[in-house]
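Undergrad: So that we are looking at the same thing, I have put the structure below in structure tokens.
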Amino acid sequence: MAQRDTGTEQLIKDTAKKIFFCEGKLHATTQDIADAAGVNRTLLNYYFRSRDILFEQVATEAREDMSTELNSVFAAVLPLKEKIRTLIDVFMDQAMKFPYREVFVVTELNRTDKSVPEEKKNRIRQFILEIEAEMNSGKIKKMDPRHFLMNLFSLMAYPLITNCLNKSLYGVNDEEYIQLMKDRKQLIFDIVYQ
């Protein structure tokens, strides 16, 4: 039996991830991906059989990568202020690297009607308790902690999800926009901890 070349397989997955989540071309064809990877479509189909199988593998890896990064932040034994600063850095860095991943995750949750795994819900419940304690000590403005989290993630995700619109609207290039997003990390932190 022939052995698979894991280097080629990984090249195809990395190229697909770039096309789907960096360039936002969620409907790219196997030919688009093969061309960008510098392989023929037959070879791509040898490894993945179909675009949907490739897309699902890449999407699963992308979700797992983001979950791993965020879980390490939620589980960290740090004061909440530092945990939130780290969360902003990790989330924004990941979102700048893969700006269309969040669009994909939300679209997939809506399309498949999947619910968030109980383990993740438990992590968020624990984080909410930490947020409530910080609110009760007067370090952050009192509100429903769910609003706090929705505000925090909205401040981080929305400008990255709408990057094409924003670049056009404000007349900035990719480098200028990345710098805006890097500056935004501190701005978000200052808004949360005013």
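Chain labels run A, B, ... following the order of the structure tokens; each chain numbers its residues from 1, and ligands are numbered from 1 in the order shown.
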At most 6 Å is the cut-off: for each residue in range 92-114 of chain A with any atom that close to an atom of range 7-22 of chain A, write down the nearest atom pair and the distance in Å rounded to one decimal, counting only C-alpha atoms, chain first then increasing number, as CSV.
TA:
residue,atom,partner,partner_atom,distance
A:Phe98,CA,A:Cys22,CA,4.7
A:Pro99,CA,A:Cys22,CA,5.7
A:Tyr100,CA,A:Phe21,CA,4.5
A:Arg101,CA,A:Phe21,CA,5.0
Undergrad: For Pro159 in chain A, work out the shell of residues within 12 Å, counting only C-alpha atoms and skipping chain neighbours fewer than 3 positions away, then give it as a ChimeraX atom specification.
TA: /A:92,95-96,99-100,102-103,153-156,162-167,177-178,180-182,184-185,188
Undergrad: With DSSP run on the backbone, what are the alpha helix (DSSP H) residues within chain A? I'd like them as a ChimeraX atom specification.
TA: /A:6-17,30-37,41-48,51-75,80-97,101-112,118-136,145-161,163-170,174-192
Undergrad: Might you pull out every residue within 10 Å of Glu130 in chain A, with only C-alpha atoms counted and same-chain residues fewer than 5 positions away left off, and present them as JSON, numbers by chain?
TA: {"A": [79, 80, 124, 125, 135, 136, 145]}
Undergrad: Between A:Ser168, A:Thr107, A:Gln31, A:Thr68, which one has atoms that come closest to Ser50 in chain A, using only C-alpha atoms?
TA: A:Gln31
Undergrad: Just the residues within 7 Å of Thr86 in chain A, please, counting only C-alpha atoms, with nothing from its chain fewer than 4 positions along; format it as a ChimeraX atom specification.
TA: /A:73,82,90
Undergrad: Could those residues be written to a file, using C-alpha atoms, as a tab-separated table (two decimals), in the first residue's frame?
TA:
chain	number	residue	atom	x	y	z
A	73	VAL	CA	-6.57	31.83	29.21
A	82	GLU	CA	-4.50	40.17	33.70
A	90	VAL	CA	-4.83	36.01	22.36
Undergrad: My list of candidates is A:Leu26, A:Leu109, A:Leu149, A:Ile88. Which is closest to Asp190 in chain A when distances are computed with only C-alpha atoms?
TA: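 Of A:Leu26, A:Leu109, A:Leu149, A:Ile88, the one nearest Asp190 in chain A, counting only C-alpha atoms, is A:Ile88.
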Undergrad: Between A:Asn71, A:Gln194, A:Asn45, A:Thr112, which one has atoms that come closest to Lys141 in chain A, using only C-alpha atoms?
TA: A:Gln194
Undergrad: Could you check how far CA of Ile140 in chain A sits from CA of Tyr193 in chain A, in Å to one decimal?
TA: 5.8 Å
